[in-house]
Every structure is written in structure tokens, then in C-alpha cells.
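For reference, query19.txt is printed below; it contains compact mmCIF, C-alpha atoms.
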# COMPACT_ATOMS: atom_id res chain seq x y z
CA MET A 16 -3.75 -24.76 -15.40
CA LYS A 17 -1.78 -23.48 -12.49
CA VAL A 18 -3.56 -21.52 -9.76
CA ASN A 19 -1.40 -19.95 -7.04
CA GLY A 20 1.36 -22.44 -7.85
CA GLN A 21 -0.85 -25.56 -7.82
CA THR A 22 -1.83 -27.48 -10.93
CA GLN A 23 -5.52 -28.20 -11.39
CA PRO A 24 -7.70 -29.22 -14.38
CA CYS A 25 -9.43 -26.38 -16.22
CA PRO A 26 -13.07 -27.04 -17.18
CA ALA A 27 -14.10 -25.76 -20.62
CA LEU A 28 -15.05 -22.06 -20.73
CA LEU A 29 -14.13 -21.52 -17.10
CA THR A 30 -14.21 -17.78 -16.43
CA VAL A 31 -12.06 -15.91 -13.93
CA GLN A 32 -15.28 -15.05 -12.09
CA ALA A 33 -16.23 -18.73 -11.78
CA LEU A 34 -12.74 -19.71 -10.66
CA VAL A 35 -12.68 -17.02 -7.97
CA GLN A 36 -16.13 -18.02 -6.71
CA SER A 37 -15.32 -21.73 -6.81
CA ARG A 38 -12.54 -21.01 -4.32
CA GLY A 39 -14.98 -19.30 -1.98
CA LEU A 40 -13.50 -15.86 -2.61
CA ASP A 41 -15.33 -12.56 -3.03
CA PRO A 42 -14.61 -11.12 -6.52
CA GLN A 43 -14.79 -7.60 -5.10
CA ARG A 44 -11.85 -8.30 -2.76
CA VAL A 45 -9.40 -10.00 -5.05
CA ALA A 46 -6.80 -9.10 -7.64
CA VAL A 47 -6.12 -11.65 -10.38
CA GLU A 48 -3.21 -12.05 -12.69
CA LYS A 49 -3.33 -14.34 -15.73
CA ASN A 50 -0.03 -15.21 -17.37
CA GLY A 51 1.60 -12.19 -15.76
CA HIS A 52 -1.09 -9.69 -16.74
CA ILE A 53 -3.58 -8.16 -14.36
CA ILE A 54 -7.22 -8.91 -15.17
CA PRO A 55 -9.50 -6.02 -14.12
CA ARG A 56 -12.54 -7.04 -12.12
CA SER A 57 -14.76 -5.60 -14.86
CA ARG A 58 -13.51 -8.41 -17.12
CA PHE A 59 -13.77 -11.34 -14.66
CA ALA A 60 -17.08 -12.55 -16.12
CA GLU A 61 -15.86 -12.67 -19.72
CA GLU A 62 -12.19 -13.69 -19.34
CA THR A 63 -11.93 -17.44 -19.94
CA LEU A 64 -9.14 -19.76 -18.86
CA CYS A 65 -7.48 -22.81 -20.41
CA ASP A 66 -5.07 -25.54 -19.29
CA ALA A 67 -2.02 -23.58 -20.40
CA ASP A 68 -2.81 -20.61 -18.16
CA THR A 69 -1.05 -19.60 -14.99
CA VAL A 70 -3.33 -17.71 -12.61
CA GLU A 71 -2.47 -15.88 -9.42
CA ILE A 72 -5.23 -14.78 -7.07
CA VAL A 73 -4.68 -12.49 -4.11
CA GLN A 74 -7.50 -11.83 -1.65
CA PHE A 75 -7.35 -8.69 0.45
CA VAL A 76 -8.32 -8.44 4.07
CA GLY A 77 -9.93 -5.31 5.52
CA GLY A 78 -8.31 -2.91 7.96
CA GLY A 79 -5.77 -0.16 7.80
CA MET B 1 15.30 24.68 17.49
CA VAL B 2 15.24 24.48 13.71
CA LEU B 3 18.08 22.79 11.87
CA THR B 4 19.22 24.09 8.52
CA GLN B 5 18.72 21.84 5.52
CA LYS B 6 22.44 21.06 5.49
CA GLU B 7 22.59 20.25 9.20
CA LEU B 8 19.64 17.87 8.95
CA HIS B 9 20.90 16.26 5.76
CA ASP B 10 24.35 15.76 7.24
CA ALA B 11 22.78 14.06 10.24
CA LEU B 12 20.76 11.72 8.01
CA SER B 13 23.81 10.92 5.89
CA GLY B 14 25.77 10.25 9.05
CA ARG B 15 23.22 7.70 10.22
CA HIS B 16 22.23 6.14 6.90
CA GLY B 17 25.46 6.46 4.93
CA ALA B 18 26.03 9.08 2.23
CA ALA B 19 25.37 6.73 -0.71
CA VAL B 20 22.10 5.44 0.76
CA GLN B 21 20.98 8.95 1.63
CA ALA B 22 21.71 10.17 -1.90
CA GLN B 23 19.36 7.44 -3.22
CA LEU B 24 16.66 8.38 -0.71
CA ASP B 25 17.02 12.08 -1.59
CA ARG B 26 16.07 11.27 -5.17
CA ALA B 27 13.25 8.87 -4.31
CA ALA B 28 9.50 9.47 -4.62
CA VAL B 29 6.88 7.42 -2.79
CA GLY B 30 3.10 7.61 -2.93
CA ILE B 31 0.87 6.72 0.02
CA ALA B 32 -2.77 5.92 -0.71
CA GLY B 33 -4.76 6.42 2.47
CA LEU B 34 -3.47 8.15 5.60
CA GLY B 35 -5.08 6.08 8.33
CA GLY B 36 -3.39 3.64 10.70
CA LEU B 37 -1.07 2.30 8.02
CA GLY B 38 -0.50 5.37 5.88
CA SER B 39 0.14 7.84 8.70
CA HIS B 40 2.83 5.60 10.21
CA ILE B 41 4.38 4.80 6.83
CA ALA B 42 4.61 8.53 6.08
CA VAL B 43 6.33 9.26 9.40
CA SER B 44 8.90 6.50 8.73
CA LEU B 45 9.61 7.72 5.22
CA ALA B 46 9.92 11.34 6.35
CA ARG B 47 12.41 10.26 9.01
CA LEU B 48 14.37 8.45 6.30
CA GLY B 49 14.44 11.66 4.26
CA VAL B 50 12.67 10.27 1.19
CA GLY B 51 12.82 13.26 -1.17
CA ARG B 52 9.23 13.37 -2.40
CA LEU B 53 6.13 12.04 -0.66
CA VAL B 54 2.72 12.05 -2.33
CA LEU B 55 0.05 11.81 0.37
CA VAL B 56 -3.58 11.16 -0.56
CA ASP B 57 -6.68 10.82 1.63
CA PHE B 58 -10.16 12.33 1.33
CA ASP B 59 -11.08 12.01 5.00
CA VAL B 60 -10.81 14.09 8.16
CA VAL B 61 -9.41 12.90 11.49
CA ASP B 62 -12.12 11.36 13.68
CA VAL B 63 -12.17 10.38 17.34
CA THR B 64 -12.28 6.71 16.28
CA ASN B 65 -8.87 7.11 14.61
CA LEU B 66 -6.94 8.01 17.75
CA ASN B 67 -6.55 4.40 18.95
CA ARG B 68 -4.09 3.62 16.15
CA GLN B 69 -3.46 6.47 13.74
CA HIS B 70 -0.64 8.99 14.02
CA TYR B 71 -2.88 11.92 15.00
CA THR B 72 -3.81 13.67 18.23
CA MET B 73 -6.96 15.20 19.68
CA LYS B 74 -6.19 18.62 18.28
CA ASP B 75 -6.37 17.13 14.76
CA ILE B 76 -10.02 16.00 15.04
CA GLY B 77 -12.07 17.46 12.20
CA ILE B 78 -8.98 18.41 10.15
CA PRO B 79 -8.21 16.68 6.84
CA LYS B 80 -5.71 13.89 7.43
CA THR B 81 -3.50 15.29 4.67
CA LEU B 82 -3.09 18.59 6.53
CA ALA B 83 -2.79 17.09 10.02
CA LEU B 84 -0.09 14.70 8.80
CA LEU B 85 1.72 17.36 6.79
CA GLU B 86 2.12 19.43 9.94
CA GLN B 87 3.77 16.49 11.71
CA LEU B 88 6.01 15.61 8.78
CA GLU B 89 7.20 19.20 8.42
CA ALA B 90 8.14 19.16 12.10
CA ILE B 91 10.27 16.05 11.41
CA ASN B 92 11.85 17.25 8.16
CA PRO B 93 10.67 20.50 6.58
CA TYR B 94 13.01 20.15 3.60
CA LEU B 95 11.29 17.27 1.82
CA ASN B 96 8.88 17.74 -1.06
CA TYR B 97 5.42 16.87 0.28
CA GLU B 98 2.46 16.77 -2.07
CA THR B 99 -0.96 16.37 -0.47
CA TYR B 100 -4.23 15.61 -2.23
CA THR B 101 -7.44 15.68 -0.20
CA GLU B 102 -9.53 13.61 -2.58
CA ARG B 103 -10.87 10.14 -3.14
CA ILE B 104 -8.66 7.82 -5.14
CA ILE B 105 -10.58 6.24 -8.01
CA PRO B 106 -9.51 4.33 -11.14
CA ALA B 107 -9.72 7.55 -13.17
CA ASN B 108 -7.23 9.52 -11.04
CA ALA B 109 -4.92 6.94 -9.41
CA ALA B 110 -2.26 6.85 -12.10
CA ARG B 111 -2.20 10.65 -12.34
CA LEU B 112 -1.93 11.15 -8.56
CA PHE B 113 1.00 8.74 -8.26
CA ALA B 114 2.78 9.62 -11.50
CA GLY B 115 6.53 9.64 -11.02
CA CYS B 116 6.45 7.62 -7.78
CA ASP B 117 9.09 4.90 -7.49
CA VAL B 118 6.89 2.92 -5.08
CA VAL B 119 3.23 3.26 -4.07
CA CYS B 120 2.03 2.12 -0.64
CA GLU B 121 -1.57 0.96 -0.51
CA ALA B 122 -2.88 1.88 2.93
CA PHE B 123 -6.66 1.76 2.54
CA ASP B 124 -9.10 0.28 5.00
CA ARG B 125 -11.67 -1.50 2.81
CA PRO B 126 -10.65 -4.65 0.92
CA ASP B 127 -12.60 -3.73 -2.22
CA GLN B 128 -10.73 -0.42 -2.31
CA LYS B 129 -7.40 -2.23 -1.92
CA ALA B 130 -8.33 -4.48 -4.85
CA MET B 131 -9.41 -1.46 -6.92
CA LEU B 132 -6.20 0.47 -6.38
CA ILE B 133 -3.95 -2.50 -6.97
CA GLU B 134 -5.62 -3.60 -10.18
CA THR B 135 -5.62 0.01 -11.42
CA LEU B 136 -1.96 0.70 -10.69
CA LEU B 137 -0.71 -2.70 -11.85
CA GLU B 138 -2.53 -2.09 -15.12
CA GLN B 139 -1.80 1.60 -15.64
CA GLN B 140 1.68 1.93 -14.13
CA PRO B 141 3.45 -1.10 -15.59
CA LYS B 142 6.67 -0.75 -13.60
CA THR B 143 5.81 0.70 -10.20
CA PRO B 144 6.02 -1.72 -7.27
CA ILE B 145 3.06 -1.59 -4.87
CA VAL B 146 3.40 -2.32 -1.17
CA SER B 147 0.06 -3.25 0.34
CA GLY B 148 -1.27 -3.94 3.85
CA SER B 149 -3.58 -6.89 4.29
CA GLY B 150 -4.43 -8.50 7.62
CA MET B 151 -3.42 -6.68 10.81
CA ALA B 152 -6.57 -6.52 12.97
CA GLY B 153 -6.83 -7.88 16.50
CA PHE B 154 -4.21 -8.88 19.06
CA GLY B 155 -2.80 -12.04 17.54
CA SER B 156 0.93 -12.55 17.47
CA ALA B 157 2.83 -9.71 15.88
CA ASN B 158 5.12 -12.40 14.46
CA ALA B 159 2.32 -13.49 12.11
CA ILE B 160 2.70 -10.24 10.18
CA ARG B 161 5.09 -10.71 7.30
CA THR B 162 5.90 -9.42 3.82
CA GLU B 163 5.23 -11.60 0.80
CA ARG B 164 5.93 -10.90 -2.87
CA ARG B 165 3.12 -11.65 -5.35
CA PHE B 166 2.48 -10.86 -9.01
CA GLY B 167 6.13 -9.90 -9.47
CA ARG B 168 5.80 -6.38 -8.09
CA LEU B 169 3.04 -6.55 -5.48
CA TYR B 170 4.27 -6.83 -1.91
CA LEU B 171 1.68 -7.91 0.64
CA CYS B 172 2.32 -7.05 4.28
CA GLY B 173 0.17 -8.51 7.01
CA ASP B 174 -1.01 -11.87 8.25
CA GLY B 175 -3.38 -12.19 5.26
CA MET B 176 -6.21 -13.29 7.54
CA SER B 177 -7.18 -11.02 10.44
CA ASP B 178 -10.12 -9.11 9.00
CA VAL B 179 -12.02 -6.25 10.61
CA SER B 180 -15.22 -7.69 9.17
CA ASP B 181 -14.76 -10.73 11.42
CA GLY B 182 -15.41 -8.45 14.39
CA LEU B 183 -11.75 -7.95 15.20
CA GLY B 184 -10.83 -4.41 16.15
CA LEU B 185 -7.86 -2.57 14.70
CA MET B 186 -5.38 -1.96 17.51
CA ALA B 187 -2.27 0.20 17.58
CA PRO B 188 0.51 -2.41 17.91
CA ARG B 189 -0.27 -4.71 14.98
CA VAL B 190 -1.29 -1.81 12.74
CA ALA B 191 2.06 -0.16 13.48
CA VAL B 192 3.93 -3.45 12.87
CA CYS B 193 2.22 -3.81 9.50
CA ALA B 194 2.97 -0.18 8.62
CA ALA B 195 6.61 -0.75 9.58
CA HIS B 196 6.71 -3.78 7.26
CA GLN B 197 5.38 -1.60 4.46
CA ALA B 198 7.91 1.16 5.18
CA ALA B 199 10.76 -1.37 5.43
CA MET B 200 9.83 -3.01 2.12
CA THR B 201 9.53 0.41 0.50
CA LEU B 202 13.00 1.30 1.74
CA ARG B 203 14.40 -1.94 0.36
CA LEU B 204 12.83 -1.30 -3.04
CA LEU B 205 14.20 2.24 -3.14
CA LEU B 206 17.66 0.84 -2.45
CA GLY B 207 17.38 -1.78 -5.20
CA GLU B 208 16.42 -4.81 -3.10
CA HIS B 209 13.42 -6.60 -4.58
CA GLU B 210 12.91 -9.51 -2.19
CA PRO B 211 11.06 -9.18 1.12
Could the structure of this file be written out as C-alpha cells, please?
Amino acid sequence: MKVNGQTQPCPALLTVQALVQSRGLDPQRVAVEKNGHIIPRSRFAEETLCDADTVEIVQFVGGG
Amino acid sequence: MVLTQKELHDALSGRHGAAVQAQLDRAAVGIAGLGGLGSHIAVSLARLGVGRLVLVDFDVVDVTNLNRQHYTMKDIGIPKTLALLEQLEAINPYLNYETYTERIIPANAARLFAGCDVVCEAFDRPDQKAMLIETLLEQQPKTPIVSGSGMAGFGSANAIRTERRFGRLYLCGDGMSDVSDGLGLMAPRVAVCAAHQAAMTLRLLLGEHEP
């Protein structure tokens, strides 16, 4: 699969939640798009990924 | 002195060009959060003469806001929506301002910003930024969102930039400088980030989609 433009292997049944956490990111501070569609945080734990998927993860930084 | 609507509009058209001004007259922009980012974005867009501005914030002006937000001492204790509205009406009283003094949540975000050509995310907390962006990207399938992320501290202003993600999410900031790392929010970089957001919003309103 492709994550933020970089190809990486996708373990079986990898969830969005697990991917986000494996990158050291806080699921409460990120927005995730899978194949061009936004994945709500409420679905991170159930949404699984496969090798054909393209994932974009944006982490937000506090302050405004 | 108070200018008539025609006098002010003629002056804007003279500076911006009649064709550009006609596009801005018809434009609608939402601003979510009226703190350091949102208050400055709103002032920029009012000076541009953006026809309709939807301004949303639940909070009142506090003494801790004065180091970076577009308010003054006399505004302390007043809802940010009302304190900002007063300033915007002094800049251009002929625009259509809509203010909502309420918290933005997934259940009301799409309704509050219905009809907006662009929405600026100008919250403080990162989880709130993520909430608004996922909600609007899901519920408003065409609206571009211009977000602020990473402007704390006194690092180089040149590190603040605009990046396009997800097709129609524009991220302004350095992406790193986080208030939770103990960095304070200070007027210059907050204003630079707000100016990036206003500049990207202007570009989108005029049909330019790249940062």
C-alpha cells in the first residue's frame, strides 16, 4: 500500500487505527483518507487496509 | 466619515480590478474559530470585500487573547463574534456577516457552513481541527478547507507555508510547532499563518487551486 506517497507492505487485517499508532501518531489528532475518501475517526478501529490501498494521513498541531 | 456602498465598492474595484471584485462580491467564506487565526483571517477577507462571511466561535474575549488576537482591552468579556463584527463593520459595513456564538460539533458543522465556497479552520486544539476537517470533508463533498497547523513560538516565519493535501485540504503552518510542546503562541507567526490562510482562500475564490 501507499502511505503519504511511500510504498510499504500491508500486514493482513491492518486497521487504520493500527497504522496511525504504528507511525507514532495520536488518532485524535489526525485526519485519514483512504483511496480518496475520508475515514471518520469513529471507524479507525474497524476499517482495514490492503496492499492496493492509498492512504493519506495528516496530523494536526495545536495552536490558533 | 462613512463611505457609501458605491464609494467603497468603487475603491475596492479600483484596487483589485473590477472582474476580481465581482468574483469576491459573490463569494462566501466560513471561519471556524475567531482566535488568533480566525480574527486575522476575517479582517483580511473583510478588507477584500468578500460578500458573505460566516463567523463562528462560542467563546468570549479573554485577557490571554490580547497577545495575538485581533481584539482590544475593551472587548474583554464580550463574545468574539460580536467584538469582531464591530471591527469588520467599521472596515466594510456593506458585507453580509453572519455570526454564530456556539460550539461547532459534527452535528452542526455542515449546517453552519452551508453555502460557503471555502471554510477556514481556525481552531486551537488539534483534536478539534481533526474533528472539523473530517466532518466537512465527509459532509460537504466539494468545499475546500483551509486549515492552520503549526505556528507557535518564534521560529523562522519562513517555515510557515501552504501545502495541499487530500485534494481539497490546504494546510498552512510549519506542521510542527505545537503549543503542547511548551511553545507560546506569539503575534507574528500567528498572523503570518492567518495571512497564508487568507491568501489561499483568496486564490481559491479566484479559481486558483494550487498553493
Within 7 Å of chain B: each chain A residue with its shortest pair, all atoms listed in the file, as JSON lines:
{"residue": "A:Gln43", "atom": "CA", "partner": "B:Asp127", "partner_atom": "CA", "distance": 5.3}
{"residue": "A:Arg44", "atom": "CA", "partner": "B:Asp127", "partner_atom": "CA", "distance": 4.7}
{"residue": "A:Val45", "atom": "CA", "partner": "B:Ala130", "partner_atom": "CA", "distance": 5.6}
{"residue": "A:Ala46", "atom": "CA", "partner": "B:Ala130", "partner_atom": "CA", "distance": 5.6}
{"residue": "A:Glu48", "atom": "CA", "partner": "B:Phe166", "partner_atom": "CA", "distance": 6.9}
{"residue": "A:Gly51", "atom": "CA", "partner": "B:Phe166", "partner_atom": "CA", "distance": 6.9}
{"residue": "A:Ile53", "atom": "CA", "partner": "B:Glu138", "partner_atom": "CA", "distance": 6.2}
{"residue": "A:Pro55", "atom": "CA", "partner": "B:Glu134", "partner_atom": "CA", "distance": 6.0}
{"residue": "A:Phe75", "atom": "CA", "partner": "B:Pro126", "partner_atom": "CA", "distance": 5.2}
{"residue": "A:Val76", "atom": "CA", "partner": "B:Ser149", "partner_atom": "CA", "distance": 5.0}
{"residue": "A:Gly77", "atom": "CA", "partner": "B:Pro126", "partner_atom": "CA", "distance": 4.7}
{"residue": "A:Gly78", "atom": "CA", "partner": "B:Asp124", "partner_atom": "CA", "distance": 4.4}
{"residue": "A:Gly79", "atom": "CA", "partner": "B:Asp124", "partner_atom": "CA", "distance": 4.4}
Surrounding residues of Ala60 of chain A excluding itself and chain neighbours under 3 positions, 9 Å, all atoms listed in the file, as a PDB file with C-alpha atoms, in the frame of the given file:
ATOM      1  CA  THR A  30     -14.210 -17.780 -16.430  1.00  0.00           C
ATOM      2  CA  VAL A  31     -12.060 -15.910 -13.930  1.00  0.00           C
ATOM      3  CA  GLN A  32     -15.280 -15.050 -12.090  1.00  0.00           C
ATOM      4  CA  ALA A  33     -16.230 -18.730 -11.780  1.00  0.00           C
ATOM      5  CA  ARG A  56     -12.540  -7.040 -12.120  1.00  0.00           C
ATOM      6  CA  SER A  57     -14.760  -5.600 -14.860  1.00  0.00           C
ATOM      7  CA  THR A  63     -11.930 -17.440 -19.940  1.00  0.00           C
TER       8      THR A  63
END
Could you list, as JSON, numbers by chain, every residue within 10 Å of Leu8 of chain B, counting all atoms listed in the file and ignoring same-chain residues fewer than 6 positions away?
{"B": [2, 14, 49, 91, 92, 93, 94]}
Let's have the selection written as a PDB file, keeping the file's coordinate frame, with C-alpha atoms.
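New file out_1.pdb:
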ATOM      1  CA  VAL B   2      15.240  24.480  13.710  1.00  0.00           C
ATOM      2  CA  GLY B  14      25.770  10.250   9.050  1.00  0.00           C
ATOM      3  CA  GLY B  49      14.440  11.660   4.260  1.00  0.00           C
ATOM      4  CA  ILE B  91      10.270  16.050  11.410  1.00  0.00           C
ATOM      5  CA  ASN B  92      11.850  17.250   8.160  1.00  0.00           C
ATOM      6  CA  PRO B  93      10.670  20.500   6.580  1.00  0.00           C
ATOM      7  CA  TYR B  94      13.010  20.150   3.600  1.00  0.00           C
TER       8      TYR B  94
END
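Near Cys25 of chain A, within 7 Å and counting only C-alpha atoms, sit Met16, Gln23, Ala27, Leu29, Cys65 and Asp66 of chain A, not including residues fewer than 2 positions from it in the same chain.
Our summary of the geometry notes that atom CA of Met73 of chain B is positioned 15.9 Å from atom CA of Ala187 of chain B.
Rounded to one decimal, atom CA of Phe58 of chain B and atom CA of Arg103 of chain B lie 5.0 Å from each other.
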Mind dumping segment 42-55 of chain A from that block, keeping all heavy atoms, as a PDB file, in the first residue's frame?
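Output file out-v6.pdb is given in full below:
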ATOM      1  N   PRO A  42      -4.349   9.163  17.277  1.00  0.00           N
ATOM      2  CA  PRO A  42      -5.545   9.070  16.428  1.00  0.00           C
ATOM      3  C   PRO A  42      -6.527  10.233  16.615  1.00  0.00           C
ATOM      4  O   PRO A  42      -7.311  10.523  15.714  1.00  0.00           O
ATOM      5  CB  PRO A  42      -6.195   7.749  16.867  1.00  0.00           C
ATOM      6  CG  PRO A  42      -5.096   6.959  17.497  1.00  0.00           C
ATOM      7  CD  PRO A  42      -4.161   7.959  18.104  1.00  0.00           C
ATOM      8  N   GLN A  43      -6.469  10.877  17.773  1.00  0.00           N
ATOM      9  CA  GLN A  43      -7.385  12.003  17.995  1.00  0.00           C
ATOM     10  C   GLN A  43      -6.956  13.271  17.252  1.00  0.00           C
ATOM     11  O   GLN A  43      -7.716  14.234  17.189  1.00  0.00           O
ATOM     12  CB  GLN A  43      -7.485  12.312  19.501  1.00  0.00           C
ATOM     13  CG  GLN A  43      -8.243  11.254  20.286  1.00  0.00           C
ATOM     14  CD  GLN A  43      -9.629  10.979  19.700  1.00  0.00           C
ATOM     15  OE1 GLN A  43     -10.400  11.891  19.452  1.00  0.00           O
ATOM     16  NE2 GLN A  43      -9.924   9.710  19.452  1.00  0.00           N
ATOM     17  N   ARG A  44      -5.736  13.280  16.729  1.00  0.00           N
ATOM     18  CA  ARG A  44      -5.218  14.496  16.095  1.00  0.00           C
ATOM     19  C   ARG A  44      -4.974  14.332  14.615  1.00  0.00           C
ATOM     20  O   ARG A  44      -4.257  15.138  14.020  1.00  0.00           O
ATOM     21  CB  ARG A  44      -3.859  14.861  16.705  1.00  0.00           C
ATOM     22  CG  ARG A  44      -3.876  15.197  18.149  1.00  0.00           C
ATOM     23  CD  ARG A  44      -2.427  15.273  18.616  1.00  0.00           C
ATOM     24  NE  ARG A  44      -2.317  16.108  19.776  1.00  0.00           N
ATOM     25  CZ  ARG A  44      -1.418  17.103  19.897  1.00  0.00           C
ATOM     26  NH1 ARG A  44      -0.558  17.354  18.949  1.00  0.00           N
ATOM     27  NH2 ARG A  44      -1.381  17.823  20.982  1.00  0.00           N
ATOM     28  N   VAL A  45      -5.496  13.280  14.031  1.00  0.00           N
ATOM     29  CA  VAL A  45      -5.206  13.058  12.618  1.00  0.00           C
ATOM     30  C   VAL A  45      -6.490  13.022  11.798  1.00  0.00           C
ATOM     31  O   VAL A  45      -7.576  12.769  12.315  1.00  0.00           O
ATOM     32  CB  VAL A  45      -4.434  11.734  12.371  1.00  0.00           C
ATOM     33  CG1 VAL A  45      -3.084  11.765  13.064  1.00  0.00           C
ATOM     34  CG2 VAL A  45      -5.238  10.535  12.803  1.00  0.00           C
ATOM     35  N   ALA A  46      -6.332  13.272  10.509  1.00  0.00           N
ATOM     36  CA  ALA A  46      -7.391  13.005   9.540  1.00  0.00           C
ATOM     37  C   ALA A  46      -6.792  12.016   8.544  1.00  0.00           C
ATOM     38  O   ALA A  46      -5.618  12.111   8.184  1.00  0.00           O
ATOM     39  CB  ALA A  46      -7.825  14.286   8.852  1.00  0.00           C
ATOM     40  N   VAL A  47      -7.603  11.045   8.133  1.00  0.00           N
ATOM     41  CA  VAL A  47      -7.116   9.974   7.265  1.00  0.00           C
ATOM     42  C   VAL A  47      -8.021   9.829   6.055  1.00  0.00           C
ATOM     43  O   VAL A  47      -9.246   9.799   6.184  1.00  0.00           O
ATOM     44  CB  VAL A  47      -7.055   8.636   8.037  1.00  0.00           C
ATOM     45  CG1 VAL A  47      -6.616   7.505   7.110  1.00  0.00           C
ATOM     46  CG2 VAL A  47      -6.117   8.735   9.227  1.00  0.00           C
ATOM     47  N   GLU A  48      -7.388   9.743   4.915  1.00  0.00           N
ATOM     48  CA  GLU A  48      -8.105   9.490   3.686  1.00  0.00           C
ATOM     49  C   GLU A  48      -7.632   8.152   3.125  1.00  0.00           C
ATOM     50  O   GLU A  48      -6.437   7.876   3.094  1.00  0.00           O
ATOM     51  CB  GLU A  48      -7.808  10.611   2.675  1.00  0.00           C
ATOM     52  CG  GLU A  48      -9.003  11.023   1.870  1.00  0.00           C
ATOM     53  CD  GLU A  48      -8.666  12.120   0.866  1.00  0.00           C
ATOM     54  OE1 GLU A  48      -7.670  11.989   0.125  1.00  0.00           O
ATOM     55  OE2 GLU A  48      -9.398  13.100   0.818  1.00  0.00           O
ATOM     56  N   LYS A  49      -8.582   7.320   2.708  1.00  0.00           N
ATOM     57  CA  LYS A  49      -8.250   6.038   2.077  1.00  0.00           C
ATOM     58  C   LYS A  49      -8.846   6.056   0.675  1.00  0.00           C
ATOM     59  O   LYS A  49     -10.061   6.252   0.524  1.00  0.00           O
ATOM     60  CB  LYS A  49      -8.845   4.896   2.906  1.00  0.00           C
ATOM     61  CG  LYS A  49      -8.721   3.519   2.279  1.00  0.00           C
ATOM     62  CD  LYS A  49      -9.424   2.474   3.153  1.00  0.00           C
ATOM     63  CE  LYS A  49      -9.819   1.266   2.350  1.00  0.00           C
ATOM     64  NZ  LYS A  49     -10.556   0.286   3.147  1.00  0.00           N
ATOM     65  N   ASN A  50      -8.002   5.909  -0.298  1.00  0.00           N
ATOM     66  CA  ASN A  50      -8.433   5.914  -1.701  1.00  0.00           C
ATOM     67  C   ASN A  50      -9.330   7.117  -2.017  1.00  0.00           C
ATOM     68  O   ASN A  50     -10.350   6.999  -2.684  1.00  0.00           O
ATOM     69  CB  ASN A  50      -9.149   4.605  -2.036  1.00  0.00           C
ATOM     70  CG  ASN A  50      -8.263   3.395  -1.766  1.00  0.00           C
ATOM     71  OD1 ASN A  50      -7.043   3.482  -1.909  1.00  0.00           O
ATOM     72  ND2 ASN A  50      -8.852   2.293  -1.351  1.00  0.00           N
ATOM     73  N   GLY A  51      -8.937   8.254  -1.482  1.00  0.00           N
ATOM     74  CA  GLY A  51      -9.665   9.494  -1.803  1.00  0.00           C
ATOM     75  C   GLY A  51     -10.899   9.746  -0.970  1.00  0.00           C
ATOM     76  O   GLY A  51     -11.569  10.760  -1.162  1.00  0.00           O
ATOM     77  N   HIS A  52     -11.200   8.860  -0.003  1.00  0.00           N
ATOM     78  CA  HIS A  52     -12.372   9.077   0.847  1.00  0.00           C
ATOM     79  C   HIS A  52     -11.938   9.236   2.290  1.00  0.00           C
ATOM     80  O   HIS A  52     -11.132   8.458   2.792  1.00  0.00           O
ATOM     81  CB  HIS A  52     -13.349   7.905   0.739  1.00  0.00           C
ATOM     82  CG  HIS A  52     -13.918   7.751  -0.635  1.00  0.00           C
ATOM     83  ND1 HIS A  52     -14.898   8.590  -1.131  1.00  0.00           N
ATOM     84  CD2 HIS A  52     -13.614   6.889  -1.631  1.00  0.00           C
ATOM     85  CE1 HIS A  52     -15.174   8.232  -2.383  1.00  0.00           C
ATOM     86  NE2 HIS A  52     -14.399   7.215  -2.716  1.00  0.00           N
ATOM     87  N   ILE A  53     -12.542  10.225   2.957  1.00  0.00           N
ATOM     88  CA  ILE A  53     -12.188  10.459   4.349  1.00  0.00           C
ATOM     89  C   ILE A  53     -12.720   9.308   5.215  1.00  0.00           C
ATOM     90  O   ILE A  53     -13.819   8.820   5.001  1.00  0.00           O
ATOM     91  CB  ILE A  53     -12.756  11.828   4.815  1.00  0.00           C
ATOM     92  CG1 ILE A  53     -12.137  12.267   6.130  1.00  0.00           C
ATOM     93  CG2 ILE A  53     -14.274  11.822   4.922  1.00  0.00           C
ATOM     94  CD1 ILE A  53     -10.833  12.982   5.976  1.00  0.00           C
ATOM     95  N   ILE A  54     -11.883   8.860   6.153  1.00  0.00           N
ATOM     96  CA  ILE A  54     -12.314   7.829   7.097  1.00  0.00           C
ATOM     97  C   ILE A  54     -12.539   8.514   8.451  1.00  0.00           C
ATOM     98  O   ILE A  54     -11.584   9.013   9.047  1.00  0.00           O
ATOM     99  CB  ILE A  54     -11.236   6.726   7.267  1.00  0.00           C
ATOM    100  CG1 ILE A  54     -10.827   6.140   5.912  1.00  0.00           C
ATOM    101  CG2 ILE A  54     -11.729   5.632   8.220  1.00  0.00           C
ATOM    102  CD1 ILE A  54     -11.908   5.378   5.200  1.00  0.00           C
ATOM    103  N   PRO A  55     -13.779   8.554   8.945  1.00  0.00           N
ATOM    104  CA  PRO A  55     -14.017   9.204  10.239  1.00  0.00           C
ATOM    105  C   PRO A  55     -13.278   8.468  11.348  1.00  0.00           C
ATOM    106  O   PRO A  55     -13.107   7.244  11.287  1.00  0.00           O
ATOM    107  CB  PRO A  55     -15.533   9.086  10.437  1.00  0.00           C
ATOM    108  CG  PRO A  55     -16.093   8.662   9.137  1.00  0.00           C
ATOM    109  CD  PRO A  55     -14.993   8.000   8.361  1.00  0.00           C
TER     110      PRO A  55
END
